[in-house]
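Input: a single structure, listed below in structure tokens.
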Amino acid sequence: MEAAFFELRGISKYFAKVIANKDVSFSIQRGEVLALLGENGAGKSTIMKILYGLYKADEGKLFKDGKEIKINSPKEAMELGISMIQQHFSLVPAHTVTENIILGNVHGIIEQKLLGGEIKRLAELYGFELNPNDYIRDLAVGVQQKVEILKALYQKTNLLIMDEPTAVLTPQEAENLMGFVRDFTAQGNSVIFITHKLKEVMSVADRIIVMRAGKVYGDIKRNETNELELSKLMIGRDLNWITKDDRQESLDQEVRLEIQHVTVQEKNGVPALKDISLTLHKGEILGIAGVSGNGQQELCEIVCGAILPTKGRVLLDGEDITERRIRARIDLGIGYVPADRSSDGMIMDMSIAENMLLKSSYDKKWQKRGFINKKKLNQYALQEIRDYSIKAPSPETIARGLSGGNQQKVVLAREVDNGEKVIIFDQPTRGLDLGAVNHIHQVILKERAKGKSVLLVSTELSEIFALSDRIAILYKGEIQGVFNSSELTTEKIGLLMAGFREGEVSNDAG
Amino acid sequence: MQAKLRDLLITNILAIVLGLVASGLMLLFLGKNPVNAYSVLITSVVRDGYTFADIFVKATPLMFTALAFAFTYKANLYNIGAQGQFYIGAVIAAAGSLLLQNILPGWLVLIITLLLTIVGGGLWGAFVGFVKARYNSNEFLVSMMSTYVALAVMNYSLRTFLMETKAEYPQTDALAESVWLPYMIPGTRLHIGFVLAVLACVGVWVLLYKTTLGYRIRAVGYNAGAAEMSGINSKKLYILAFFISGALAGVAGFTEVNGVQHMLVQGFNPDLGAAGIGIAILANGNPIGIIFAAILFGALKVGGTIMGQMSGIPSSIIELMQGFVMVFVILSYFVRTWLENNREKRKLQKAVAK
């Protein structure tokens, strides 16, 4: 048998407190699309970073075409034809496409025109529409990703590693990316796809490596498996998936929150939100779908009081709360689980108990003779740790030491208690593993059953569909329409998210 | 936990020893025998009660300026201007005492003067916090520059309304004995300002870690964005943190003027602010740790002066020593993290091998 293009044999990697990889072995053939499937923290990224020379393995060997190789840095990896596109792009926003692509591979005088032409030809070869002179900061995320890919192609890559490449893309953009992957591998190149989305795996991969807790649990051909088997391998147990039938129809039609003709003007004059009107009822989940960066954050911040609208009003139970700031709105019972918990939602260097106190430090209930009532706070935190099955030894555990899912549960626990009337969830499950996602979905539905109103912002369509009673689509700060969730299909919502209006959609996709 | 505490003690002691060894090497360059020099240093500070007590006298203002730096540091702000706030406190302490000493009983003057220095130093510091909150100015630069303004204020007042009656030197008249801070041990210079400083350390610790205000200050320090999102007004806290910080440094002026100098001399104790920063870093910003770090610096200062007098070694070698100790203590923090990580890794590998 012909030797594999690249092979990893018995790779182990230990970090201070975790085993990132243990005895990982697999190979990739020329012209193959390999999917590396696993939950967050399964060790997918780590093993790829070892192959890319960012980390050094503690045990094990690497081979190329049957010969043992050592990769000590990304530079050496690139010389071997390996490129990796990180989850967070490494582009310089203030530079042009050309400048970014040649970064690190150019010496002396830069011949802009010549290089620009070269890059344009390369882009056309794969059907990318790109202007080499555009600045990165002006480009959409999907286009930026193409620049990353071009950068790899420019370096004559034969093995392209992509870490969660579709996380930031619209369904259409993701489809284009899959097309590229097929073209690229058809020429004898290989692609490794790191992902935790089963659907993508089934649509593009030739072979699938399933990882769990740092080890390989499956090395299967795509056409010999199915999504159910993969998900079992990935999680190690069966999941209790939420289906629509589990939910009850909303009984209450009483209006809780009203957003009336709200406009938010950015400093540069561009409106982040344009004349938005939404109504949220008691015991209802209103899903906000859209590609990230289309005004979702501003919408959440309007409701939680972090920014004030330039025009328009916000009403809670009929009372005008437009001018109330964050602290007043916390007291009114509006909870907010922000998209970026590490920058907006919690304090990583403080303990779980201290994080529970974050929004209610002015509240007398946590004070005793002017001091923090630590005993009561710890008891409360311990209760929450149990209720939300947060994996932490004690309330004194520092938040930074927790996994992403457990950190999110801490924020969730706090906000569910704070938000007595309305809870805003902005991307509540982004980047979390399936077990945590499942748990968080259960919590959201439970709060809805209690009669709370939920504003659910998500770029994950499956999440929007699974939970929402009604769905509004945001595009460039405008509402494209509000629908009952049964009225929408994935295709239709995808087009709405891409900027088509309802009328145009029904003609195109029905 | 056991291993952690062991690491902490060993690395810190090792850091101090290494600091002394490194400065010992410098002594060799001067052609002096470091072993002799160090034995002079150690024997000199314990040779009599007066000298030994002086360690704590020197440590007193250092605790205050170190607290001043550590307090804003907890809010992720940098108060480099403790020196200036100290001078403002000193001017107010001298002016208040001289003005009131013949009108009111001594103990009352002391209390009023203390409160005035708190307010004065506090307001001087709060200005830095205010421009930071209002105009987003760089507090590092503003606080640093405010020291020079404070120095000018001191010089101006010593040339005008505070100048001694002889009008010879830029200094005040001596304070009446009734407004001196009482001595604690007869025959030494140790005054109750030391107790005040220790209490301030404990107080700041309680404020930071036991009250909701301190909690909010730390929250803003760690992550101002998340604090704002939680309805905490970080700008208000900037001003408040700088007020408290300035007040702490201001009190150092009170203890120095009323406790040690008993008058105000132009440009005295010019390195209190800088040393305070060093001590705060040495103690990793922990108010209780500051007590011990300040005493260590006080001992070095007292010993260094005597060493300079006795063995012909320039007393500035002590500053070198302080610098080396600080460098090694900071390095020890990274060594500890490295040790900790390695230990965890070995534990893990062992567990896997079984």
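Within each chain, counting starts at residue 1; across the structure tokens, chains are named A, B, ... in the order shown, with ligands numbered 1 upward in that order.
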
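Around segment 389-406 of chain A, within 8 Å and counting only C-alpha atoms, the residues found are A:Ile347, A:Met348, A:Asp349, A:Met350, A:Ser351, A:Ile352, A:Ala353, A:Asn355, A:Asn378, A:Ala381, A:Leu382, A:Glu384, A:Ile385, A:Val410, A:Gly431, A:Leu432, A:Asp433, A:Ala436, once anything fewer than 4 positions away on its own chain is removed.
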
Selection file, N, CA and C atoms, as a PDB file, in the first residue's frame:
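What follows is the written file out-v2.pdb:
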```
ATOM      1  N   ILE A 347     -16.142  37.977  35.282  1.00  0.00           N
ATOM      2  CA  ILE A 347     -14.798  38.408  35.614  1.00  0.00           C
ATOM      3  C   ILE A 347     -13.984  37.168  35.869  1.00  0.00           C
ATOM      4  N   MET A 348     -13.118  36.866  34.905  1.00  0.00           N
ATOM      5  CA  MET A 348     -12.412  35.592  34.872  1.00  0.00           C
ATOM      6  C   MET A 348     -11.526  35.379  36.093  1.00  0.00           C
ATOM      7  N   ASP A 349     -11.003  36.473  36.650  1.00  0.00           N
ATOM      8  CA  ASP A 349     -10.070  36.324  37.760  1.00  0.00           C
ATOM      9  C   ASP A 349     -10.765  36.296  39.107  1.00  0.00           C
ATOM     10  N   MET A 350     -12.092  36.308  39.098  1.00  0.00           N
ATOM     11  CA  MET A 350     -12.812  36.224  40.366  1.00  0.00           C
ATOM     12  C   MET A 350     -13.447  34.845  40.505  1.00  0.00           C
ATOM     13  N   SER A 351     -13.868  34.549  41.727  1.00  0.00           N
ATOM     14  CA  SER A 351     -14.430  33.224  41.987  1.00  0.00           C
ATOM     15  C   SER A 351     -15.857  33.132  41.442  1.00  0.00           C
ATOM     16  N   ILE A 352     -16.393  31.924  41.453  1.00  0.00           N
ATOM     17  CA  ILE A 352     -17.774  31.727  41.016  1.00  0.00           C
ATOM     18  C   ILE A 352     -18.710  32.549  41.885  1.00  0.00           C
ATOM     19  N   ALA A 353     -18.510  32.491  43.198  1.00  0.00           N
ATOM     20  CA  ALA A 353     -19.376  33.231  44.121  1.00  0.00           C
ATOM     21  C   ALA A 353     -19.325  34.726  43.810  1.00  0.00           C
ATOM     22  N   ASN A 355     -18.595  36.116  41.038  1.00  0.00           N
ATOM     23  CA  ASN A 355     -19.259  36.379  39.768  1.00  0.00           C
ATOM     24  C   ASN A 355     -20.777  36.385  39.924  1.00  0.00           C
ATOM     25  N   ASN A 378     -21.904  32.286  49.395  1.00  0.00           N
ATOM     26  CA  ASN A 378     -21.336  30.978  49.066  1.00  0.00           C
ATOM     27  C   ASN A 378     -22.403  29.895  49.016  1.00  0.00           C
ATOM     28  N   ALA A 381     -24.183  30.333  45.791  1.00  0.00           N
ATOM     29  CA  ALA A 381     -23.358  29.873  44.670  1.00  0.00           C
ATOM     30  C   ALA A 381     -23.308  28.348  44.631  1.00  0.00           C
ATOM     31  N   LEU A 382     -23.212  27.739  45.808  1.00  0.00           N
ATOM     32  CA  LEU A 382     -23.148  26.277  45.881  1.00  0.00           C
ATOM     33  C   LEU A 382     -24.446  25.670  45.344  1.00  0.00           C
ATOM     34  N   GLU A 384     -26.425  27.032  43.167  1.00  0.00           N
ATOM     35  CA  GLU A 384     -26.438  27.199  41.714  1.00  0.00           C
ATOM     36  C   GLU A 384     -25.521  26.183  41.038  1.00  0.00           C
ATOM     37  N   ILE A 385     -24.365  25.906  41.672  1.00  0.00           N
ATOM     38  CA  ILE A 385     -23.431  24.923  41.117  1.00  0.00           C
ATOM     39  C   ILE A 385     -24.132  23.571  41.002  1.00  0.00           C
ATOM     40  N   VAL A 410     -22.350  29.519  34.637  1.00  0.00           N
ATOM     41  CA  VAL A 410     -22.294  30.474  35.748  1.00  0.00           C
ATOM     42  C   VAL A 410     -23.045  31.749  35.367  1.00  0.00           C
ATOM     43  N   GLY A 431     -19.760  27.875  20.580  1.00  0.00           N
ATOM     44  CA  GLY A 431     -18.496  27.265  20.961  1.00  0.00           C
ATOM     45  C   GLY A 431     -18.593  26.240  22.077  1.00  0.00           C
ATOM     46  N   LEU A 432     -19.814  25.898  22.503  1.00  0.00           N
ATOM     47  CA  LEU A 432     -19.926  24.935  23.598  1.00  0.00           C
ATOM     48  C   LEU A 432     -20.132  23.527  23.055  1.00  0.00           C
ATOM     49  N   ASP A 433     -19.824  22.536  23.889  1.00  0.00           N
ATOM     50  CA  ASP A 433     -20.010  21.165  23.432  1.00  0.00           C
ATOM     51  C   ASP A 433     -21.484  20.774  23.553  1.00  0.00           C
ATOM     52  N   ALA A 436     -23.365  20.615  26.969  1.00  0.00           N
ATOM     53  CA  ALA A 436     -23.666  21.925  27.560  1.00  0.00           C
ATOM     54  C   ALA A 436     -24.782  22.613  26.776  1.00  0.00           C
TER      55      ALA A 436
END
```

*Near segment 122-128 of chain B, counting only C-alpha atoms, which residues have an atom at most 8 Å away, once you skip same-chain residues fewer than 2 positions from it, shown as a count of residues only?*
24

_Per-residue DSSP, segment 171-214 of chain B, filtered to alpha helix (DSSP H), as a ChimeraX atom specification_ = /B:193-210,212-214

*Write out as a PyMOL selection string each polymer residue whose atoms come within 12 Å of segment 232-237 of chain B, counting only C-alpha atoms; drop sequence neighbours fewer than 3 positions from it.*
(chain A and resi 306+325-328+330+357-362) or (chain B and resi 71-72+74-77+126+128-136+212-229+240-245)

*So which one's closest to chain B, A:Asp65, A:Asp134, A:Asp344, A:Glu319? Using only C-alpha atoms, please.*
A:Asp344

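Remark: for Ala186 of chain A, the closest of the candidate residues A:Arg30, A:Glu39, A:Asn72, A:Lys61 is A:Arg30 (distances computed over only C-alpha atoms).
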
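For the pair atom CA of Ile194 of chain A and atom CA of Leu37 of chain A, the separation is 6.2 Å.
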
*asked:* Could you go through segment 104-173 of chain A and tell me which residues DSSP, when run on the backbone, assigns to strand (DSSP E or B), listing them as an NGL selection string?
replied: :A and (135 or 159-163)

*asked:* Excluding segment 19-23 of chain A and its own-chain neighbours fewer than 6 positions away, which residues fall within 9 Å of it when counting only C-alpha atoms? Please give them as a ChimeraX atom specification.
replied: /A:9-13,41-44,46-47,57,59-60,213-216 /B:345,348-349,352

*Find the residues around Ile440 of chain A up to 8 Å (only C-alpha atoms counted), leave out those fewer than 3 positions away in its own chain, and share them as a PyMOL selection string.*
chain A and resi 409+428-429+436-437+443-444

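With distances taken over only C-alpha atoms, B:Leu339 is the one residue among B:Ile80, B:Met184, B:Met144, B:Leu339 lying closest to chain A.
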
*Within 12 Å of Trp107 of chain B, counting only C-alpha atoms, which residues show up once you throw out same-chain ones fewer than 6 positions away? Write them as a PyMOL selection string, please.*
chain B and resi 97+100-101+113-114+177-182+258

Prev. selection, N, CA and C atoms, output as a PDB file, in the first residue's frame:
```pdb
ATOM      1  N   SER B  97      -1.138  72.119  61.726  1.00  0.00           N
ATOM      2  CA  SER B  97      -0.589  72.038  63.076  1.00  0.00           C
ATOM      3  C   SER B  97      -0.137  73.409  63.561  1.00  0.00           C
ATOM      4  N   LEU B 100      -3.170  75.682  64.326  1.00  0.00           N
ATOM      5  CA  LEU B 100      -4.088  75.331  65.405  1.00  0.00           C
ATOM      6  C   LEU B 100      -3.407  75.032  66.727  1.00  0.00           C
ATOM      7  N   GLN B 101      -2.075  74.849  66.726  1.00  0.00           N
ATOM      8  CA  GLN B 101      -1.430  74.322  67.931  1.00  0.00           C
ATOM      9  C   GLN B 101      -1.570  75.238  69.150  1.00  0.00           C
ATOM     10  N   THR B 113      -5.889  67.616  62.007  1.00  0.00           N
ATOM     11  CA  THR B 113      -4.842  67.614  60.985  1.00  0.00           C
ATOM     12  C   THR B 113      -4.890  66.331  60.164  1.00  0.00           C
ATOM     13  N   LEU B 114      -5.080  65.215  60.859  1.00  0.00           N
ATOM     14  CA  LEU B 114      -5.172  63.935  60.148  1.00  0.00           C
ATOM     15  C   LEU B 114      -6.302  63.976  59.126  1.00  0.00           C
ATOM     16  N   GLU B 177       5.469  70.752  70.881  1.00  0.00           N
ATOM     17  CA  GLU B 177       5.519  69.348  71.279  1.00  0.00           C
ATOM     18  C   GLU B 177       4.122  68.754  71.491  1.00  0.00           C
ATOM     19  N   SER B 178       3.158  69.617  71.740  1.00  0.00           N
ATOM     20  CA  SER B 178       1.797  69.127  72.000  1.00  0.00           C
ATOM     21  C   SER B 178       1.178  68.485  70.756  1.00  0.00           C
ATOM     22  N   VAL B 179       1.669  68.855  69.568  1.00  0.00           N
ATOM     23  CA  VAL B 179       1.076  68.290  68.357  1.00  0.00           C
ATOM     24  C   VAL B 179       1.990  67.251  67.714  1.00  0.00           C
ATOM     25  N   TRP B 180       2.965  66.746  68.482  1.00  0.00           N
ATOM     26  CA  TRP B 180       3.750  65.625  67.982  1.00  0.00           C
ATOM     27  C   TRP B 180       2.946  64.350  68.178  1.00  0.00           C
ATOM     28  N   LEU B 181       3.129  63.394  67.276  1.00  0.00           N
ATOM     29  CA  LEU B 181       2.495  62.088  67.496  1.00  0.00           C
ATOM     30  C   LEU B 181       3.211  61.435  68.664  1.00  0.00           C
ATOM     31  N   PRO B 182       2.456  60.912  69.639  1.00  0.00           N
ATOM     32  CA  PRO B 182       3.085  60.358  70.848  1.00  0.00           C
ATOM     33  C   PRO B 182       4.016  59.194  70.524  1.00  0.00           C
ATOM     34  N   ASN B 258       4.245  65.239  61.661  1.00  0.00           N
ATOM     35  CA  ASN B 258       3.887  65.274  63.080  1.00  0.00           C
ATOM     36  C   ASN B 258       4.594  64.199  63.902  1.00  0.00           C
TER      37      ASN B 258
END
```

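Distances to chain A were evaluated for B:Leu110, B:Ala150, B:Val206, B:Val198 using only C-alpha atoms, and the minimum falls at B:Val206.
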
*Within 7 Å of segment 33-35 of chain B, counting only C-alpha atoms, which residues show up once you throw out same-chain ones fewer than 5 positions away? Write them as an NGL selection string, please.*
:B and (24 or 27-28)

Resulting file, chosen residues, N, CA and C atoms, as an mmCIF file, in the first residue's frame:
```
data_model
loop_
_atom_site.group_PDB
_atom_site.id
_atom_site.type_symbol
_atom_site.label_atom_id
_atom_site.label_comp_id
_atom_site.auth_asym_id
_atom_site.auth_seq_id
_atom_site.Cartn_x
_atom_site.Cartn_y
_atom_site.Cartn_z
ATOM 1 N N GLY B 24 25.988 41.789 46.448
ATOM 2 C CA GLY B 24 27.304 41.464 46.992
ATOM 3 C C GLY B 24 28.360 41.493 45.906
ATOM 4 N N LEU B 27 29.422 44.836 45.321
ATOM 5 C CA LEU B 27 30.367 45.290 46.353
ATOM 6 C C LEU B 27 31.788 44.865 46.010
ATOM 7 N N LEU B 28 31.906 43.646 45.447
ATOM 8 C CA LEU B 28 33.226 43.165 45.050
ATOM 9 C C LEU B 28 33.866 44.117 44.048
#
```

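In this structure, atom CA of Gly335 of chain A sits 17.8 Å away from atom CA of Leu278 of chain A.
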
*Distance of atom CA of Phe161 of chain B from atom CA of Asn102 of chain B, expressed in Å to one decimal place*: 17.0 Å
